[in-house]
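Listing of target_21.txt, compact mmCIF, C-alpha atoms and all ligand atoms
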```txt
# COMPACT_ATOMS: atom_id res chain seq x y z
CA MET A 1 1.92 -10.30 4.97
CA LYS A 2 0.35 -12.03 1.99
CA VAL A 3 -2.02 -9.58 0.34
CA ALA A 4 -4.39 -9.31 -2.59
CA LEU A 5 -4.60 -5.87 -4.20
CA ILE A 6 -7.50 -4.32 -6.08
CA GLY A 7 -6.95 -0.94 -7.66
CA VAL A 8 -10.06 1.09 -8.45
CA GLY A 9 -9.90 4.05 -10.85
CA GLN A 10 -6.88 5.56 -12.57
CA ALA A 11 -4.70 6.27 -9.54
CA GLY A 12 -5.76 2.99 -7.93
CA GLY A 13 -4.71 1.01 -11.00
CA LYS A 14 -1.37 2.77 -11.41
CA VAL A 15 -0.41 2.40 -7.75
CA THR A 16 -1.51 -1.24 -7.69
CA GLU A 17 0.66 -1.93 -10.72
CA ARG A 18 3.70 -0.26 -9.14
CA LEU A 19 3.17 -2.19 -5.90
CA ALA A 20 2.89 -5.53 -7.70
CA GLN A 21 5.96 -4.70 -9.78
CA PHE A 22 8.08 -3.69 -6.78
CA ASP A 23 7.11 -6.86 -4.92
CA ALA A 24 8.04 -9.02 -7.93
CA ASP A 25 11.32 -7.17 -8.62
CA MET A 26 12.38 -7.58 -4.98
CA GLY A 27 11.29 -11.24 -4.96
CA PHE A 28 9.24 -10.73 -1.78
CA ASP A 29 6.19 -12.66 -2.93
CA ALA A 30 3.89 -10.77 -0.54
CA VAL A 31 1.53 -9.63 -3.31
CA GLN A 32 -0.40 -12.79 -4.17
CA GLY A 33 -2.72 -11.31 -6.73
CA ALA A 34 -3.55 -7.92 -8.21
CA LEU A 35 -6.43 -6.61 -10.28
CA ALA A 36 -7.18 -3.14 -11.63
CA VAL A 37 -10.82 -2.12 -12.07
CA ASN A 38 -11.98 1.02 -13.85
CA SER A 39 -14.84 2.55 -15.82
CA ALA A 40 -12.33 4.18 -18.21
CA LYS A 41 -10.93 1.83 -20.84
CA PRO A 42 -7.84 3.87 -21.87
CA ASP A 43 -6.63 3.94 -18.23
CA LEU A 44 -6.79 0.16 -18.09
CA GLN A 45 -5.07 -0.22 -21.45
CA SER A 46 -2.04 1.67 -20.19
CA LEU A 47 -1.44 -0.95 -17.47
CA GLU A 48 0.91 -3.76 -18.49
CA PHE A 49 1.71 -5.65 -15.36
CA VAL A 50 -1.70 -6.39 -13.80
CA ASP A 51 -4.93 -7.90 -15.06
CA THR A 52 -7.74 -5.47 -15.63
CA GLN A 53 -11.51 -5.38 -15.54
CA LEU A 54 -13.76 -2.76 -17.13
CA ILE A 55 -16.91 -1.87 -15.19
CA GLY A 56 -19.94 0.25 -16.03
CA ALA A 57 -19.61 -0.19 -19.81
CA ASP A 58 -23.43 -0.14 -20.10
CA ARG A 59 -23.54 3.26 -18.37
CA VAL A 60 -20.45 5.15 -19.52
CA ASN A 61 -19.19 3.08 -22.42
CA GLY A 62 -15.58 2.93 -21.23
CA HIS A 63 -15.24 6.71 -20.85
CA GLY A 64 -14.97 7.01 -17.05
CA VAL A 65 -17.33 8.91 -14.79
CA GLY A 66 -15.67 12.34 -15.04
CA GLY A 67 -15.32 12.92 -11.32
CA ASP A 68 -18.91 11.96 -10.46
CA ASN A 69 -18.33 9.75 -7.45
CA GLU A 70 -22.00 8.98 -6.91
CA LEU A 71 -22.04 7.47 -10.38
CA GLY A 72 -18.77 5.69 -9.51
CA ALA A 73 -20.48 4.15 -6.49
CA GLU A 74 -23.57 3.13 -8.51
CA ILE A 75 -21.47 1.46 -11.19
CA MET A 76 -19.51 -0.51 -8.62
CA GLN A 77 -22.73 -1.54 -6.94
CA SER A 78 -24.19 -2.85 -10.22
CA ASP A 79 -21.02 -4.67 -11.26
CA ALA A 80 -19.86 -5.87 -7.84
CA GLN A 81 -20.55 -9.53 -8.59
CA GLN A 82 -18.47 -9.37 -11.72
CA VAL A 83 -15.57 -7.80 -9.78
CA LEU A 84 -15.84 -10.40 -7.02
CA SER A 85 -15.69 -13.17 -9.63
CA GLY A 86 -12.62 -11.49 -11.12
CA LEU A 87 -10.94 -11.93 -7.75
CA ASP A 88 -11.23 -15.71 -7.84
CA GLY A 89 -7.75 -17.13 -7.57
CA ARG A 90 -6.29 -13.79 -6.49
CA VAL A 91 -7.61 -13.90 -2.94
CA THR A 92 -6.38 -17.34 -1.83
CA SER A 93 -6.33 -19.33 1.39
CA LYS A 94 -2.89 -17.83 2.01
CA SER A 95 -4.10 -14.22 1.80
CA GLU A 96 -3.87 -12.45 5.13
CA ALA A 97 -5.43 -9.16 4.03
CA ILE A 98 -7.06 -7.44 1.08
CA PHE A 99 -6.17 -3.88 0.10
CA VAL A 100 -8.48 -1.76 -2.05
CA VAL A 101 -6.36 1.00 -3.58
CA ALA A 102 -7.85 4.27 -4.90
CA GLY A 103 -7.37 7.98 -5.39
CA LEU A 104 -10.16 9.48 -3.28
CA GLY A 105 -10.62 12.69 -5.26
CA GLY A 106 -11.87 11.37 -8.64
CA GLY A 107 -15.05 9.51 -9.51
CA THR A 108 -14.55 5.80 -10.12
CA GLY A 109 -12.07 5.18 -7.28
CA SER A 110 -13.66 7.64 -4.88
CA GLY A 111 -17.15 6.22 -5.26
CA GLY A 112 -16.26 2.64 -6.16
CA ALA A 113 -13.71 1.85 -3.44
CA PRO A 114 -16.06 2.19 -0.42
CA VAL A 115 -18.71 0.08 -2.19
CA LEU A 116 -16.17 -2.61 -3.07
CA VAL A 117 -14.79 -2.66 0.49
CA HIS A 118 -18.32 -3.15 1.78
CA GLU A 119 -18.92 -6.05 -0.64
CA LEU A 120 -15.60 -7.70 0.18
CA GLN A 121 -16.37 -7.52 3.91
CA GLN A 122 -19.47 -9.68 3.28
CA VAL A 123 -17.47 -12.37 1.52
CA TYR A 124 -14.02 -12.64 3.13
CA ASP A 125 -12.89 -13.27 6.70
CA VAL A 126 -9.50 -11.58 6.35
CA PRO A 127 -9.26 -7.83 7.08
CA VAL A 128 -10.21 -5.57 4.21
CA TYR A 129 -8.14 -2.38 4.22
CA ALA A 130 -8.23 0.68 1.99
CA LEU A 131 -5.13 2.40 0.65
CA GLY A 132 -6.48 5.86 -0.12
CA ILE A 133 -4.76 8.79 -1.83
CA LEU A 134 -5.85 12.20 -0.56
CA PRO A 135 -5.81 15.08 -3.04
CA GLY A 136 -3.15 17.73 -2.39
CA ARG A 137 -4.15 21.23 -1.24
CA ASN A 138 -3.96 22.65 -4.76
CA GLU A 139 -6.15 20.06 -6.43
CA GLY A 140 -9.63 21.47 -7.23
CA ALA A 141 -12.66 21.79 -4.98
CA LEU A 142 -14.44 18.83 -6.59
CA TYR A 143 -11.52 16.55 -5.63
CA GLN A 144 -11.61 17.80 -2.04
CA ALA A 145 -15.36 17.33 -1.71
CA ASN A 146 -15.26 13.89 -3.33
CA ALA A 147 -12.41 12.77 -1.09
CA GLY A 148 -14.22 13.96 2.04
CA ARG A 149 -17.26 11.84 1.33
CA SER A 150 -15.23 8.87 0.19
CA LEU A 151 -12.99 8.98 3.26
CA LYS A 152 -15.93 9.24 5.62
CA THR A 153 -17.49 6.13 4.08
CA LEU A 154 -14.21 4.20 3.92
CA ALA A 155 -13.57 4.91 7.59
CA ARG A 156 -16.92 3.24 8.31
CA GLU A 157 -16.50 0.26 5.95
CA ALA A 158 -12.80 -0.69 5.96
CA ASP A 159 -10.95 -2.38 8.81
CA ALA A 160 -8.49 0.52 8.47
CA THR A 161 -7.71 3.15 5.83
CA LEU A 162 -4.05 3.82 5.14
CA LEU A 163 -3.84 7.36 3.83
CA ILE A 164 -1.26 8.84 1.50
CA ASP A 165 -1.52 12.61 1.18
CA ASN A 166 -0.54 13.73 -2.33
CA ASP A 167 1.30 16.66 -0.70
CA ALA A 168 3.48 14.36 1.39
CA TRP A 169 5.86 12.37 -0.76
CA HIS A 170 6.99 14.51 -3.68
CA GLU A 171 9.78 17.01 -4.27
CA GLN A 172 9.24 20.77 -4.46
CA GLY A 173 8.79 22.21 -7.93
CA GLU A 174 7.83 19.00 -9.74
CA SER A 175 5.10 18.99 -12.38
CA VAL A 176 1.89 17.21 -11.35
CA GLU A 177 2.63 14.26 -13.65
CA GLY A 178 6.25 14.09 -12.48
CA ALA A 179 5.06 14.28 -8.90
CA PHE A 180 2.65 11.35 -9.45
CA GLU A 181 5.53 9.23 -10.74
CA THR A 182 7.62 10.07 -7.66
CA ILE A 183 4.74 9.54 -5.24
CA ASN A 184 3.70 6.25 -6.84
CA GLY A 185 7.30 5.00 -6.68
CA LYS A 186 7.49 5.87 -3.00
CA ILE A 187 4.15 4.25 -2.23
CA ALA A 188 5.32 1.10 -4.01
CA GLN A 189 8.60 0.99 -2.09
CA ARG A 190 7.27 1.92 1.33
CA VAL A 191 3.97 0.09 1.38
CA GLY A 192 5.71 -2.76 -0.47
CA LEU A 193 8.26 -3.01 2.35
CA LEU A 194 5.47 -3.01 4.91
CA PHE A 195 3.76 -5.93 3.14
CA ALA A 196 7.05 -7.77 2.89
CA SER A 197 8.19 -7.05 6.44
CA GLY A 198 6.04 -9.88 7.76
CA GLU A 199 7.42 -12.21 5.10
CA ALA A 200 11.05 -12.37 6.26
CA VAL A 201 12.44 -15.85 6.03
CA GLU A 202 16.14 -15.27 6.60
CA GLY A 203 17.44 -14.72 10.10
CA VAL A 204 14.12 -15.53 11.71
CA GLY A 205 14.43 -14.78 15.40
CA GLU A 206 12.45 -13.30 18.20
CA SER A 207 13.01 -9.77 17.05
CA VAL A 208 11.82 -10.30 13.47
CA VAL A 209 8.50 -8.66 12.78
CA ASP A 210 5.63 -10.80 11.50
CA SER A 211 2.36 -10.16 9.71
CA SER A 212 0.25 -10.40 12.85
CA GLU A 213 2.02 -7.30 14.19
CA VAL A 214 0.98 -5.30 11.15
CA ILE A 215 -2.58 -6.56 11.48
CA ASN A 216 -2.67 -5.91 15.24
CA THR A 217 -1.41 -2.37 14.73
CA LEU A 218 -4.16 -1.75 12.18
CA ARG A 219 -6.75 -3.27 14.53
CA SER A 220 -7.26 0.21 16.02
CA GLY A 221 -9.26 0.85 12.87
CA GLY A 222 -9.93 4.34 11.50
CA ILE A 223 -7.07 6.11 9.77
CA ALA A 224 -3.56 4.73 9.44
CA SER A 225 -0.39 6.39 8.17
CA LEU A 226 3.03 5.14 7.13
CA GLY A 227 6.36 6.88 7.52
CA TYR A 228 9.75 5.95 6.11
CA ALA A 229 13.35 7.12 6.27
CA SER A 230 16.74 5.49 5.69
CA GLU A 231 20.44 6.23 6.16
CA VAL A 232 23.74 4.58 5.30
CA ALA A 233 24.60 2.04 8.00
CA SER A 234 27.92 1.34 9.66
CA ASP A 235 29.19 -2.27 9.77
CA ASP A 236 29.41 -1.91 13.53
CA SER A 237 26.00 -2.16 15.18
CA GLY A 238 27.12 -0.06 18.16
CA GLU A 239 27.71 2.87 15.86
CA ASN A 240 24.20 2.47 14.46
CA ILE A 241 22.34 3.27 17.70
CA ARG A 242 22.16 6.91 16.74
CA THR A 243 21.28 6.06 13.14
CA VAL A 244 18.28 4.00 14.27
CA MET A 245 17.03 6.90 16.41
CA THR A 246 17.52 9.33 13.53
CA VAL A 247 15.65 7.24 10.94
CA ALA A 248 12.81 6.47 13.35
CA ARG A 249 12.41 10.19 14.12
CA GLN A 250 12.52 11.15 10.45
CA ALA A 251 10.05 8.43 9.49
CA LEU A 252 7.45 9.80 11.91
CA LEU A 253 8.13 13.50 11.66
CA THR A 254 9.17 14.21 8.07
CA GLY A 255 8.82 10.99 6.06
CA THR A 256 5.18 10.34 6.86
CA SER A 257 2.36 9.77 4.38
CA LEU A 258 0.12 12.00 6.51
CA PRO A 259 1.99 15.12 7.59
CA ASP A 260 1.62 16.18 11.24
CA ALA A 261 -0.08 12.96 12.27
CA THR A 262 1.82 11.86 15.37
CA THR A 263 -0.87 10.99 17.90
CA ALA A 264 -2.19 7.45 17.45
CA ASP A 265 -3.82 4.54 19.21
CA SER A 266 -1.13 2.10 18.14
CA ALA A 267 2.17 2.04 16.28
CA LEU A 268 4.66 -0.35 14.74
CA LEU A 269 8.35 0.41 14.25
CA VAL A 270 10.13 -1.81 11.74
CA ILE A 271 13.89 -1.48 11.31
CA ALA A 272 15.04 -2.90 7.98
CA GLY A 273 18.65 -3.80 7.25
CA GLU A 274 21.39 -6.41 7.63
CA PRO A 275 20.60 -8.22 10.90
CA GLU A 276 24.15 -7.90 12.29
CA THR A 277 24.12 -4.13 11.84
CA VAL A 278 20.83 -3.57 13.73
CA PRO A 279 21.53 -2.53 17.35
CA ARG A 280 19.02 -4.02 19.82
CA LYS A 281 19.59 -1.13 22.19
CA GLY A 282 18.87 1.39 19.45
CA VAL A 283 15.64 -0.33 18.39
CA GLU A 284 14.38 -0.43 21.99
CA LYS A 285 15.27 3.22 22.55
CA ALA A 286 13.50 4.26 19.32
CA ARG A 287 10.44 2.21 20.28
CA ARG A 288 10.23 3.99 23.64
CA TRP A 289 10.63 7.35 21.93
CA LEU A 290 7.74 6.40 19.62
CA GLU A 291 5.58 5.59 22.65
CA ASP A 292 6.12 9.10 24.01
CA GLU A 293 5.60 10.78 20.67
CA THR A 294 2.40 8.92 19.73
CA GLU A 295 1.07 8.92 23.31
CA SER A 296 0.24 5.27 22.78
CA MET A 297 0.98 2.33 25.05
CA GLN A 298 0.58 -0.04 22.13
CA VAL A 299 3.86 0.38 20.27
CA ARG A 300 5.28 -2.72 18.69
CA GLY A 301 8.75 -3.09 17.25
CA GLY A 302 10.67 -5.57 15.15
CA ASP A 303 13.31 -6.10 12.48
CA PHE A 304 13.08 -6.83 8.82
CA PRO A 305 16.27 -8.61 7.67
CA LEU A 306 17.17 -7.14 4.30
CA GLU A 307 20.34 -7.13 2.21
CA SER A 308 21.29 -3.48 2.12
CA ASP A 309 24.06 -1.07 3.07
CA ARG A 310 21.42 1.18 4.66
CA LEU A 311 19.18 1.05 7.71
CA GLY A 312 15.56 1.96 7.10
CA ALA A 313 12.73 2.69 9.52
CA LEU A 314 9.07 2.14 8.76
CA VAL A 315 6.59 3.65 11.20
CA LEU A 316 3.00 2.48 10.86
CA LEU A 317 0.38 4.33 12.92
CA GLY A 318 -3.09 2.97 13.63
CA GLY A 319 -6.01 5.09 14.86
CA ALA A 320 -4.41 8.37 13.74
CA GLU A 321 -7.66 10.19 12.92
CA ARG A 322 -7.29 12.70 15.77
CA SER A 323 -4.50 14.43 13.85
CA GLU A 324 -4.74 18.07 12.83
CA ARG A 325 -4.12 17.04 9.24
CA ILE A 326 -7.35 15.06 9.06
CA GLU A 327 -9.30 17.81 10.74
CA GLU A 328 -7.90 20.36 8.31
CA PHE A 329 -8.67 18.14 5.35
CA MET A 330 -12.26 17.43 6.40
CA GLN A 331 -12.80 21.16 6.90
CA ARG A 332 -11.49 21.75 3.35
CA ALA A 333 -13.80 19.05 1.99
CA ARG A 334 -16.84 20.51 3.76
CA GLU A 335 -16.08 24.00 2.44
CA ALA A 336 -15.63 22.66 -1.09
CA LYS A 337 -18.97 20.86 -0.85
CA ARG A 338 -20.73 24.03 0.38
CA ALA A 339 -19.10 26.14 -2.35
CA ALA A 340 -20.20 23.65 -5.01
CA GLU A 341 -23.76 23.69 -3.72
CA SER A 342 -24.02 27.49 -3.61
CA GLU A 343 -22.53 27.69 -7.11
CA GLN A 344 -25.25 25.39 -8.38
CA THR A 345 -27.95 27.52 -6.74
CA ASP A 346 -26.48 30.73 -8.15
CA HIS A 347 -26.48 29.31 -11.65
CA ALA A 348 -30.06 28.16 -11.31
CA GLU A 349 -31.04 31.68 -10.29
CA GLU A 350 -29.17 33.16 -13.24
CA PHE A 351 -31.36 31.24 -15.66
CA ALA A 352 -34.52 32.02 -13.70
CA ASP A 353 -33.89 35.74 -14.22
CA GLU A 354 -36.69 37.02 -16.46
CA ARG A 355 -34.86 40.07 -17.75
CA LEU A 356 -33.56 37.75 -20.46
CA GLU A 357 -36.14 36.01 -22.54
CA ASN A 358 -35.95 32.46 -23.74
CA LEU A 359 -35.42 32.04 -27.47
CA PHE A 360 -38.65 30.14 -27.91
N1 LIG B 1 -0.50 9.69 -6.18
C1 LIG B 1 -1.21 9.71 -7.31
N2 LIG B 1 -2.38 10.35 -7.36
C2 LIG B 1 -3.05 10.33 -8.52
C3 LIG B 1 -2.58 9.68 -9.69
N3 LIG B 1 -3.49 9.84 -10.69
C4 LIG B 1 -4.50 10.57 -10.15
N4 LIG B 1 -4.24 10.86 -8.85
C5 LIG B 1 -5.10 11.58 -7.90
O1 LIG B 1 -6.33 10.86 -7.80
C6 LIG B 1 -7.43 11.72 -7.81
C7 LIG B 1 -8.23 11.49 -9.08
O2 LIG B 1 -8.55 10.17 -9.16
P1 LIG B 1 -8.40 9.30 -10.48
O3 LIG B 1 -7.93 7.97 -10.02
O4 LIG B 1 -7.65 10.01 -11.52
O5 LIG B 1 -9.93 9.24 -10.95
P2 LIG B 1 -10.82 7.96 -11.23
O6 LIG B 1 -11.08 7.26 -9.97
O7 LIG B 1 -10.22 7.18 -12.34
O8 LIG B 1 -12.24 8.58 -11.66
P3 LIG B 1 -12.76 9.23 -13.02
O9 LIG B 1 -11.56 9.63 -13.81
O10 LIG B 1 -13.58 10.37 -12.55
O11 LIG B 1 -13.56 8.16 -13.67
C8 LIG B 1 -6.86 13.13 -7.76
O12 LIG B 1 -6.76 13.53 -6.40
C9 LIG B 1 -5.48 12.95 -8.37
O13 LIG B 1 -4.59 13.89 -7.90
C10 LIG B 1 -1.34 9.00 -9.60
O14 LIG B 1 -0.84 8.37 -10.56
N5 LIG B 1 -0.71 9.06 -8.39
```
The structure in this file should be written as structure tokens.
Ligand SMILES: Nc1nc2c(ncn2[C@@H]2O[C@H](COP(=O)(O)OP(=O)(O)OP(=O)(O)O)[C@@H](O)[C@H]2O)c(=O)[nH]1
Amino acid sequence: MKVALIGVGQAGGKVTERLAQFDADMGFDAVQGALAVNSAKPDLQSLEFVDTQLIGADRVNGHGVGGDNELGAEIMQSDAQQVLSGLDGRVTSKSEAIFVVAGLGGGTGSGGAPVLVHELQQVYDVPVYALGILPGRNEGALYQANAGRSLKTLAREADATLLIDNDAWHEQGESVEGAFETINGKIAQRVGLLFASGEAVEGVGESVVDSSEVINTLRSGGIASLGYASEVASDDSGENIRTVMTVARQALLTGTSLPDATTADSALLVIAGEPETVPRKGVEKARRWLEDETESMQVRGGDFPLESDRLGALVLLGGAERSERIEEFMQRAREAKRAAESEQTDHAEEFADERLENLF
């Protein structure tokens, strides 16, 4: 699938850069153009591999919006034309989709991404998707509240929102910074493989997945998730039937970007590996298993021919918003919002207390 990527905010820029880099290193050529947009100049200066565009300089002078996502949205609104012009030549006639990438908990990405998606929808005919990063459970209340509002708006504006939960793809005991590196690397590899899976040129046959299957799976709209797992493959495809089942199961149940999301409107199972090692029977069996597990009748399947001694499974879910994980997150976001509001009221009352006099 030929895509154009636009990263908004710090996390959005870093993840966009990793995705573009992975695609180039692997020689997939699925990422046609990439741009990072931010209101914080230092964040843009640390990116080396993608072009950058500063927004909101007249309002925040390159210092970012400090977690204020309403300001993030306003800035994107004012500078939208400038960002759209910056996309000239990056969204081409070959582009099959646009992805707006952002961390949903901060200010610039959280507020700016939904506005940019809305603007892009007015201009382009191809689907406009969001790739949103949800704050982990231990990230502060402001992040949770911001992400709740951002996600709600993205779900309305984007053709689909692929969610990566910051609690999903890192190892236990890592520092936050270390965890970001790990998570970003995994996003780049897994989402990068999804982009590239419709790009396969070698071994093209009936069973090879193509871009339209990714787009059709995302047509359910709402929230999407992506799971991945891989194992060493045997040279004998017969011996790989069990391996295909194992990686498909792990991709959905433990390797997913949105833990506990298994019910969906649609799904796509992509098995990546050397074509002669991929067992047809195994792929069909795993696809049927996925139908039962997701309770969806719309489960597509296909191969992604790839030079590797492993077999990998990618499981893309579309319309996964009924999951417990989303419900739990939205509850957390609502509570954080309420807590923030009552804190503001309490403070206002503190200063209204007349037992303390003003200085003058
Ligand atoms: N996975 C991942 N998450 C990140 C990374 N950097 C920040 N985040 C998350 O993204 C959210 C914060 O968003 P940022 O992108 O830092 O903020 P911003 O959009 O630049 O907005 P301001 O800094 O307020 O202007 C939090 O939930 C962070 O945990 C990263 O490199 N990787």
Practice problem: Find the residue from A:Gly64, A:Pro114, A:Pro259, A:Gly318 that sits nearest to A:Asp43; use all atoms listed in the file when measuring. | Solution: A:Gly64
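Residues near the point (-15.3, -3.3, -15.3), at a distance of 6 Å or less over all atoms listed in the file, make up Val37, Asn38, Ser39, Gln53, Leu54, Ile55 and Gly56 of chain A.
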Would you place a box with edges along x, y and z of the file around all atoms of stretch 143-160 of chain A listed there, add 8 Å to each of its six sides, and report the centre and edge lengths in Å to one decimal, as lines of an AutoDock Vina configuration file?
```
center_x = -13.0
center_y = 7.7
center_z = 1.6
size_x = 25.0
size_y = 36.2
size_z = 30.4
```
Quiz prompt | Coordinates-based distance that separates atom CA of A:Gly103 from atom CA of A:Gly27 (Å, one decimal) | solution =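 Atom-to-atom, atom CA of A:Gly27 to atom CA of A:Gly103, that is 26.8 Å.
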Under the rule of at most 6 Å, produce a per-residue listing of chain A near ligand LIG 1 (chain B): chain, number, name, the closest pair of atoms, and the distance in Å, as JSON lines, using only C-alpha atoms and all ligand atoms.
```
{"residue": "A:Gly9", "atom": "CA", "partner": "B:LIG1", "partner_atom": "O7", "distance": 3.5}
{"residue": "A:Gln10", "atom": "CA", "partner": "B:LIG1", "partner_atom": "O3", "distance": 3.7}
{"residue": "A:Ala11", "atom": "CA", "partner": "B:LIG1", "partner_atom": "O3", "distance": 3.7}
{"residue": "A:Gly12", "atom": "CA", "partner": "B:LIG1", "partner_atom": "O3", "distance": 5.8}
{"residue": "A:Lys14", "atom": "CA", "partner": "B:LIG1", "partner_atom": "O14", "distance": 5.7}
{"residue": "A:Gly64", "atom": "CA", "partner": "B:LIG1", "partner_atom": "O11", "distance": 3.8}
{"residue": "A:Val65", "atom": "CA", "partner": "B:LIG1", "partner_atom": "O11", "distance": 4.0}
{"residue": "A:Gly66", "atom": "CA", "partner": "B:LIG1", "partner_atom": "O10", "distance": 3.8}
{"residue": "A:Gly67", "atom": "CA", "partner": "B:LIG1", "partner_atom": "O10", "distance": 3.3}
{"residue": "A:Asp68", "atom": "CA", "partner": "B:LIG1", "partner_atom": "O10", "distance": 5.9}
{"residue": "A:Gly103", "atom": "CA", "partner": "B:LIG1", "partner_atom": "O1", "distance": 3.9}
{"residue": "A:Leu104", "atom": "CA", "partner": "B:LIG1", "partner_atom": "C6", "distance": 5.7}
{"residue": "A:Gly105", "atom": "CA", "partner": "B:LIG1", "partner_atom": "O12", "distance": 4.1}
{"residue": "A:Gly106", "atom": "CA", "partner": "B:LIG1", "partner_atom": "O2", "distance": 3.6}
{"residue": "A:Gly107", "atom": "CA", "partner": "B:LIG1", "partner_atom": "O10", "distance": 3.5}
{"residue": "A:Thr108", "atom": "CA", "partner": "B:LIG1", "partner_atom": "O6", "distance": 3.8}
{"residue": "A:Gly109", "atom": "CA", "partner": "B:LIG1", "partner_atom": "O6", "distance": 3.5}
{"residue": "A:Ser110", "atom": "CA", "partner": "B:LIG1", "partner_atom": "O6", "distance": 5.7}
{"residue": "A:Pro135", "atom": "CA", "partner": "B:LIG1", "partner_atom": "O12", "distance": 3.8}
{"residue": "A:Tyr143", "atom": "CA", "partner": "B:LIG1", "partner_atom": "O12", "distance": 5.7}
{"residue": "A:Asn166", "atom": "CA", "partner": "B:LIG1", "partner_atom": "N1", "distance": 5.6}
{"residue": "A:Phe180", "atom": "CA", "partner": "B:LIG1", "partner_atom": "N5", "distance": 4.2}
{"residue": "A:Ile183", "atom": "CA", "partner": "B:LIG1", "partner_atom": "N1", "distance": 5.3}
{"residue": "A:Asn184", "atom": "CA", "partner": "B:LIG1", "partner_atom": "N5", "distance": 5.5}
```
Self-check item: Residue contacts of A:Ala272 (10 Å, all atoms listed in the file) excluding same-chain residues fewer than 4 positions away, as a PyMOL selection string
Solution: chain A and resi 193+197+208-209+230+244+277-278+302-308+310-314
Exercise. Dig up all the protein and nucleic acid residues within 12 Å of (6.7, -11.1, 0.2) in the file frame, using all atoms listed in the file, and format them as number ranges by chain.
Key: A: 1-4, 19-33, 94-96, 191-201, 210-211, 304, 306
